[in-house]
Structure formats: structure tokens, C-alpha cells
Amino acid sequence: MNASKKKIVKHVAIIAVIYVISIWGILLWLKDFTQHGIKVKVPDVSGLKPQQVKELSNKYDLKFMIVDSVYSSDKERGTVIDQNPSPGSEVKQNRKVYLTINSFHPPTIKMPKLIDLSYRQAKSILETYGLVPGNIIYEPDYAKDAVLKQLYKGRELKPGDPVVLESKIDLVLGDGLKGEKIDLPYLIGSKRNEALNILKQNSLTIGAEVFDKSVNDTTAAIVYRQFPTYYNNAQVSKGRSVDLFFTQDASKIKQAQDSVKLREINDENNE
């Protein structure tokens with residue numbers, strides 16, 4: 001082999017060695033860059049607060065990220081309740097671990113319709129919606145143990161009204177009247193709102209409301225007649241409805257009051 005050929009072979013060998021060394025270097029760099037073969041186990045961070053999770057980032061060479069929040073009544077608020085990847089999973093260093101935390105505040109839902117349902121049905125629906133059955137209040141009504149009103153902190157709620165999950169809902173139920181008798185109140189001469197309050201205080205309900213032609217303002221209307229008719233010692237069943245007749249004609253009111261007084265005098269004379 002002459003000198004020129006030896007020189008070419010030498011150069012080719014050098015180039016081959018450089019190529020092999022370069023490839024080997026690149027592979028080492030890629031291995032280091034991608035952390036190939038170096039894995040860590042994902043710790044269980046459930047029940048921890050965000051600050052506690054943050055302290056684990058450097059220890060495990062992982063990146064924890066809060067991506068969602070839900071509400072669970074049986075978990076401490078503000079703590080991790082779910083994670084992805086799951087605990088024990090083997091992942092590369094610097095892998096992102098996505099966290100779901102328990103919301104600090106329960107969500108708002110729409111109040112269900114409970115009116116006219118039995119207490120048992122209403123209780124079941126409340127629990128299904130994540131609401132808490134509260135106090136039971138009885139009012140005179142023929143529908144025994146049927147829901148008449150649904151209350152939150154004394155305020156009546158209508159179906160669809162917003163209410164916070166886990167709120168305590170009080171229920172007003174009918175007592176079936178139980179055949180109790182009460183004195184019929186004297187309402188003649190009372191303004192409308194006053195008459196309605198008296199009926200409520202006496203466990204009676206409003207029946208028909210009739211306004212004569214003289215009434216141009218229902219808030220100023222005055223009772224001149226009631227049914228059942230008032231008389232001394234008159235009694236009615238608890239929960240009974242009372243029909244009211246209104247006017248703004250002063251002469252009608254005086255005539256009605258005089259008629260009641262005359263009836264009272266006659267009753268006393270007949271005793």
C-alpha cells in the first residue's frame with residue numbers, strides 16, 4: 001500500500017471515530033435532557049392543603065397544579081380530594097400532577113317544590129338535593145302532615161329560589177285541625193291587613209275577599225261584613241276560612257257596627 005492510500009485510510013478512520021464519539025455524546029445529552037430512565041413515584045397528597053403540597057414539589061421533583069375544585073361535605077374544605085396521575089404512579093421528573101381541591105364554599109342550588117307533599121316525601125327530596133330537614137311547624141289545615149310552606153331562617157322559599165347546599169329547611173305542616181274550636185274574632189271596622197293578621201293570630205285562614213264599588217284602594221278597604229257572622233260567644237273550627245267583605249263607604253261600616261251592637265244587646269236581654 002503506497003503512502004497516499006495509507007493517508008486516505010487514516011483519514012477515514014479518524015472521521016469514523018469522530019462520528020462514533022459524536023453520536024455517543026448526543027445520546028448521552030439526550031438521555032440527560034429527557035431524564036431517560038429516571039422516574040419518581042407520585043406521592044399521595046389527598047387531604048393536604050395547597051401550601052403543604054407546594055412544599056413537596058422540590059422533594060419529589062414534580063410540579064403540582066390545581067386545575068379544578070368541587071364540593072364534598074365529608075372532606076375538609078380547601079384540601080386535595082383528587083389527583084392525576086394517581087398516587088404510586090411512576091412518572092418522569094418534573095412531571096405535572098393535576099389536583100382537584102375541595103371548595104371552601106358549598107354551591108347554590110334551586111329550591112325543590114315540596115308544597116302539598118307528605119313530610120316523608122319532602123324529607124326524602126330534601127336529602128336527595130343535599131339540603132337538611134329542619135324544624136317542623138304545625139298550622140291549622142285539613143291536610144294533615146302535608147307541607148304548607150318551606151322556610152329558610154324564617155323566610156318562605158318558593159320552588160326555584162336559590163338556596164345554599166346543606167341549608168336547613170324548616171317545614172310548615174297541616175295539623176289536620178283535630179276538631180278544635182276557637183272564638184270567632186270580631187273583624188268589622190278593621191282594615192284589610194289588620195283583619196288578615198287577626199285571622200292568622202287566631203289560627204284561621206282567609207277565604208273569599210269581596211270589595212264593593214266604593215273601594216279604590218284595597219290597602220285602605222275596611223271590613224263591613226264577615227262570614228261566618230260574628231255574635232257573642234261564636235266559635236268556629238280551628239283552621240276555618242273566613243270570608244271578608246270590604247268597603248270604603250263609612251255609612252256601610254257604621255250600619256254594620258250598629259247592627260252587631262244591637263244583636264249583642266238583644267242577646268243580653270234574652271239571657
# chains A, B, ... in the order shown; residues from 1 in each chain; ligands from 1
$ residues_around --residues "Val53 (chain A)" --least-positions-apart "4" --cutoff "10 Å" --atoms "only C-alpha atoms" --output "number ranges by chain"
A: 43-49, 57, 63-65, 79-80, 99
$ write_last_selection --atoms "C-alpha atoms" --output "PDB file, in the first residue's frame"
ATOM      1  CA  PRO A  43     -46.944  10.760  46.439  1.00  0.00           C
ATOM      2  CA  ASP A  44     -50.458  10.685  47.866  1.00  0.00           C
ATOM      3  CA  VAL A  45     -51.350  14.326  48.565  1.00  0.00           C
ATOM      4  CA  SER A  46     -55.052  13.781  49.318  1.00  0.00           C
ATOM      5  CA  GLY A  47     -56.155  15.690  52.394  1.00  0.00           C
ATOM      6  CA  LEU A  48     -53.272  18.184  52.119  1.00  0.00           C
ATOM      7  CA  LYS A  49     -53.687  21.923  51.683  1.00  0.00           C
ATOM      8  CA  SER A  57     -42.570  19.981  44.798  1.00  0.00           C
ATOM      9  CA  LYS A  63     -44.964  20.145  39.518  1.00  0.00           C
ATOM     10  CA  PHE A  64     -48.303  20.188  41.315  1.00  0.00           C
ATOM     11  CA  MET A  65     -51.056  22.229  39.652  1.00  0.00           C
ATOM     12  CA  THR A  79     -57.808  20.256  50.740  1.00  0.00           C
ATOM     13  CA  VAL A  80     -56.891  17.967  47.842  1.00  0.00           C
ATOM     14  CA  LEU A  99     -55.007  18.445  41.539  1.00  0.00           C
TER      15      LEU A  99
END
$ select_by_dssp --residues "region 54-268 of chain A" --states "strand (DSSP E)" --output "mmCIF file with C-alpha atoms, in the first residue's frame"
data_model
loop_
_atom_site.group_PDB
_atom_site.id
_atom_site.type_symbol
_atom_site.label_atom_id
_atom_site.label_comp_id
_atom_site.auth_asym_id
_atom_site.auth_seq_id
_atom_site.Cartn_x
_atom_site.Cartn_y
_atom_site.Cartn_z
ATOM 1 C CA LYS A 63 -44.964 20.145 39.518
ATOM 2 C CA PHE A 64 -48.303 20.188 41.315
ATOM 3 C CA MET A 65 -51.056 22.229 39.652
ATOM 4 C CA ILE A 66 -54.574 22.990 40.925
ATOM 5 C CA VAL A 67 -56.904 22.709 37.933
ATOM 6 C CA ASP A 68 -60.364 22.256 39.465
ATOM 7 C CA SER A 69 -62.467 22.475 42.614
ATOM 8 C CA VAL A 70 -65.595 20.595 43.647
ATOM 9 C CA VAL A 80 -56.891 17.967 47.842
ATOM 10 C CA ILE A 81 -59.558 15.372 47.079
ATOM 11 C CA ASP A 82 -58.281 14.034 43.740
ATOM 12 C CA GLN A 83 -55.055 13.913 41.729
ATOM 13 C CA ASN A 84 -53.855 12.818 38.290
ATOM 14 C CA GLU A 90 -44.174 6.184 38.270
ATOM 15 C CA VAL A 91 -43.529 9.298 36.207
ATOM 16 C CA LYS A 92 -40.574 11.281 34.895
ATOM 17 C CA LYS A 96 -47.108 17.878 36.131
ATOM 18 C CA VAL A 97 -49.534 16.436 38.681
ATOM 19 C CA TYR A 98 -53.053 17.880 38.337
ATOM 20 C CA LEU A 99 -55.007 18.445 41.539
ATOM 21 C CA THR A 100 -58.682 18.915 42.421
ATOM 22 C CA ILE A 101 -59.397 20.601 45.746
ATOM 23 C CA ASN A 102 -62.494 20.720 47.912
ATOM 24 C CA THR A 108 -76.042 27.264 45.356
ATOM 25 C CA ILE A 109 -78.903 25.121 44.026
ATOM 26 C CA LYS A 110 -82.557 25.696 43.178
ATOM 27 C CA VAL A 132 -81.141 19.350 55.647
ATOM 28 C CA PRO A 133 -84.675 18.825 57.053
ATOM 29 C CA GLY A 134 -85.073 21.371 59.850
ATOM 30 C CA ASN A 135 -87.820 22.144 62.345
ATOM 31 C CA ILE A 136 -91.420 21.049 61.886
ATOM 32 C CA ILE A 137 -94.072 23.722 62.472
ATOM 33 C CA TYR A 138 -97.759 22.849 62.544
ATOM 34 C CA GLU A 139 -100.517 25.154 61.347
ATOM 35 C CA PRO A 140 -104.263 24.565 61.199
ATOM 36 C CA ASP A 141 -105.153 22.883 57.944
ATOM 37 C CA TYR A 142 -107.279 19.959 56.831
ATOM 38 C CA ALA A 143 -104.318 18.298 55.085
ATOM 39 C CA LYS A 144 -102.681 16.504 57.993
ATOM 40 C CA VAL A 147 -96.307 20.577 53.556
ATOM 41 C CA LEU A 148 -97.905 24.037 53.544
ATOM 42 C CA LYS A 149 -94.740 26.142 53.434
ATOM 43 C CA GLN A 150 -90.971 25.693 53.110
ATOM 44 C CA LEU A 151 -88.852 28.117 55.124
ATOM 45 C CA TYR A 152 -85.183 29.105 55.373
ATOM 46 C CA ARG A 155 -88.207 33.275 55.131
ATOM 47 C CA GLU A 156 -90.601 31.429 52.859
ATOM 48 C CA PRO A 162 -81.625 29.914 45.119
ATOM 49 C CA VAL A 163 -80.513 28.184 48.314
ATOM 50 C CA VAL A 164 -77.066 27.118 49.503
ATOM 51 C CA LYS A 168 -81.520 23.695 56.940
ATOM 52 C CA ILE A 169 -85.087 23.915 55.619
ATOM 53 C CA ASP A 170 -87.971 24.206 58.099
ATOM 54 C CA LEU A 171 -91.317 22.764 57.041
ATOM 55 C CA VAL A 172 -94.786 24.017 57.930
ATOM 56 C CA LEU A 173 -97.243 21.097 58.033
ATOM 57 C CA GLY A 174 -101.013 20.874 58.370
ATOM 58 C CA LYS A 181 -112.864 25.090 68.374
ATOM 59 C CA ILE A 182 -111.808 28.706 68.838
ATOM 60 C CA ASP A 183 -113.630 32.010 69.330
ATOM 61 C CA THR A 205 -107.410 31.351 57.161
ATOM 62 C CA ILE A 206 -108.621 33.915 54.670
ATOM 63 C CA GLY A 207 -111.496 32.821 52.473
ATOM 64 C CA ALA A 208 -113.173 34.931 49.781
ATOM 65 C CA GLU A 209 -112.420 38.658 49.642
ATOM 66 C CA VAL A 210 -115.211 40.800 48.185
ATOM 67 C CA PHE A 211 -114.732 44.522 47.504
ATOM 68 C CA ILE A 222 -112.404 48.188 55.703
ATOM 69 C CA VAL A 223 -114.350 45.079 56.691
ATOM 70 C CA TYR A 224 -118.098 45.742 56.953
ATOM 71 C CA ARG A 225 -119.239 42.123 56.868
ATOM 72 C CA GLN A 226 -117.747 38.727 57.679
ATOM 73 C CA PHE A 227 -118.857 35.144 57.239
ATOM 74 C CA GLN A 235 -116.968 29.627 67.817
ATOM 75 C CA VAL A 236 -115.571 28.018 64.673
ATOM 76 C CA SER A 237 -113.250 25.130 63.933
ATOM 77 C CA SER A 241 -111.635 30.049 56.382
ATOM 78 C CA VAL A 242 -113.444 33.350 56.933
ATOM 79 C CA ASP A 243 -114.929 35.351 54.053
ATOM 80 C CA LEU A 244 -114.422 39.107 54.238
ATOM 81 C CA PHE A 245 -116.435 41.898 52.602
ATOM 82 C CA PHE A 246 -114.767 45.306 52.199
ATOM 83 C CA THR A 247 -115.894 48.869 51.611
#
$ closest_residue --among "A:Ala256, A:Leu204, A:Val215, A:Ala221" --to "Arg240 (chain A)" --atoms "only C-alpha atoms"
A:Leu204
$ atom_distance --atom1 "CA of Lys200 (chain A)" --atom2 "CA of Gly239 (chain A)"
9.2 Å
$ atom_distance --atom1 "CA of Pro112 (chain A)" --atom2 "CA of Ser124 (chain A)"
11.4 Å
$ closest_atom_pairs --of "region 60-95 of chain A" --to "region 125-131 of chain A" --cutoff "12 Å" --atoms "only C-alpha atoms" --output "JSON lines"
{"residue": "A:Tyr71", "atom": "CA", "partner": "A:Gly130", "partner_atom": "CA", "distance": 11.4}
{"residue": "A:Ser72", "atom": "CA", "partner": "A:Gly130", "partner_atom": "CA", "distance": 10.6}
{"residue": "A:Ser73", "atom": "CA", "partner": "A:Gly130", "partner_atom": "CA", "distance": 9.4}
$ write_last_selection --atoms "N, CA and C atoms" --output "short mmCIF file (atom, residue, chain, number, x, y, z; two decimals), in the first residue's frame"
data_model
loop_
_atom_site.label_atom_id
_atom_site.label_comp_id
_atom_site.auth_asym_id
_atom_site.auth_seq_id
_atom_site.Cartn_x
_atom_site.Cartn_y
_atom_site.Cartn_z
N TYR A 71 -67.18 20.35 45.47
CA TYR A 71 -67.56 20.43 46.88
C TYR A 71 -67.97 19.06 47.39
N SER A 72 -67.38 18.68 48.52
CA SER A 72 -67.73 17.43 49.20
C SER A 72 -67.91 17.73 50.68
N SER A 73 -69.08 17.39 51.21
CA SER A 73 -69.38 17.73 52.61
C SER A 73 -68.58 16.91 53.61
#
$ atom_distance --atom1 "CA of Leu157 (chain A)" --atom2 "CA of Met111 (chain A)"
7.3 Å
$ closest_residue --among "A:Asp116, A:Asp74, A:Glu194, A:Asp249" --to "Asp145 (chain A)" --atoms "only C-alpha atoms"
A:Asp116
$ select_by_dssp --residues "region 32-262 of chain A" --states "alpha helix (DSSP H)" --output "ChimeraX atom specification"
/A:32-33,50-60,119-128,192-201,250-262
